[in-house]
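A short worksheet on the structure shown next.
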Amino acid sequence: MAATVQRTARTPDGRTLAIEEAGDPAGRPVLVHNGTPNSRHLYGPAAADAAARGLRLIGYDRPGYGGSTPQPGRTVADCAADVRAICAELGIERLAMWGISGGGPHLLACAALLPDLVTAAASLASGAPADAEGLDWYEGMGQDNADDFKLLKSDPEAARAKLEADREQDLAATAGDLAELLKTLLTPTDAAALTGEFAEYLVYTGHEGLAPGAQGWWDDGVALAGPWGFELSAIRVPVLLMHGRQDQFVPFGHGRWLAARIPGVDARLLDNDGHLTLLSNRIGEVHAWLADHL
C-alpha cells in the first residue's frame, strides 16, 4: 500500500473536509473526485502510478462522507468552493484533476467554475444531467441504479429509507460479496475486474465513506439528480473524457452525450471497457494525459 498523509481543511462556512494525499509529495498536484458513495481514500496502484510520474495525488471526502462535515442541500456546483478551500489549505495555486462515476459531474463543475485553478480535467464514466435533452437517461442502465433514481424522483421518503438499508448492507459486505450485490450492474467486462486488491479497495473505501452515516450518499444522489448549478458550455480548460461501452452503472449514451457538449473535449469512447475497468486499468493513461497539461 502506498504511503498516505491524512489532512483536513476548513471551509469559509466552518465545515471540515477530510483529505488524503499520496504519490509524490513534492510532485505536481492532481485532485481526485471519487465515485458515489464517496471516500477520500486513493486506490493503491493509482497512487503508485502518480508517484512514478512525479504527481501528488489528493483525494477528499465530499460533505457527509468519512471525515467531512455534511452539507445538506448541496448542489454539484458547490464542490468548486470546497476544492478552492482545499487548495488554499495545501498551498496549491494550479492543479489538474480527474473524477470517476459520481465524481465526474463534480469534476466537470470544477472545470467550468475554477478556470484560475484547474489546468486540465479528466472525466471517467460520468453521468449526464438528469434533464439531458435528447438522451434516454435510463437506456442501458443496470436495474439497481435505474430503480434507485426513479424512486428518488417518485418517493423521496421511500428512497431515503432504502438508502439507509443499502448502507447497512454495504457496511456488512466483504470483497467476496460485491459481485452478488452489484449483479444487475456488472457486465462480464466489469465482473472480471472485480477481484483481488481492486475488490478489497472498493469495499474498504465504501466502508470508510459510509461509516458516519448515509447523509453524504443521500446528498450526492439528490445533487446528481437535480440541477447541477453550472453549464457545460462554460468549460474552457482541456477535458479528457473516457466512457466504456460495456458500462451498466452509467450507460455509454451518457458519455456520448457529454462528449458532444463539452467544448474542445478529447473524447475516448472505448468499446472494450466497462465502468470499473476505467479505475482498474486506465489511470496510468489518465495521469499521462494530465501530466502533459500541467
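Each chain in the C-alpha cells gets a letter, A, B, ..., in the order shown, and its residues are numbered from 1; ligands are numbered from 1 in order too.
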
Residues within 10 Å of A:Leu108, only C-alpha atoms, excluding chain neighbours under 4 positions, as JSON, numbers by chain: {"A": [76, 77, 80, 97, 98, 99, 103, 104, 112, 113, 114, 121, 122, 123, 126, 228, 230, 231, 232, 234, 235, 239, 262]}

Contacts of A:Cys79 at 8 Å (only C-alpha atoms; same-chain gap of 5+ positions) as a VMD selection string: chain A and resid 62 106 109 to 110

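Of the listed residues A:Asp61, A:Asp247, A:Glu21, A:Asp273, the one whose atoms come nearest to A:Ala47 is A:Glu21, with distances taken using only C-alpha atoms.
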
Stretch 120-194 of chain A: residues DSSP assigns to helix (DSSP H, G or I), reported as a PyMOL selection string: chain A and resi 143-154+156-172+175-181+188-193

Could you write out, as a CSV table (one decimal) with C-alpha atoms, in the first residue's frame, all the residues of stretch 83-183 of chain A that DSSP marks as strand (DSSP E or B)?
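Saved as result35.csv:
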chain,number,residue,atom,x,y,z
A,95,LEU,CA,-3.7,21.7,-10.4
A,96,ALA,CA,-5.1,19.1,-12.6
A,97,MET,CA,-7.9,16.7,-11.6
A,98,TRP,CA,-9.8,13.5,-12.6
A,99,GLY,CA,-13.2,12.3,-11.5
A,100,ILE,CA,-15.0,9.0,-11.9
A,118,VAL,CA,-7.7,24.0,-12.9
A,119,THR,CA,-5.3,23.4,-15.8
A,120,ALA,CA,-7.0,20.2,-17.1
A,121,ALA,CA,-9.7,17.7,-16.1
A,122,ALA,CA,-10.3,14.1,-16.9
A,123,SER,CA,-13.9,12.7,-16.7
A,124,LEU,CA,-14.3,9.0,-16.4

Shortest interatomic distance to A:Gly216 - which of A:Gly176, A:Gly67, A:Pro115, A:Gly229, counting only C-alpha atoms: A:Gly67

Which residue of A:Ala158, A:Val286, A:Leu202, A:Ile86 approaches A:Leu178 most closely, using only C-alpha atoms: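 Nearest candidate to A:Leu178 out of A:Ala158, A:Val286, A:Leu202, A:Ile86: A:Leu202.
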
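Minimum distance to A:Gly102 across A:Arg245, A:His275, A:Arg10, A:Arg53 (counting only C-alpha atoms) occurs at A:His275.
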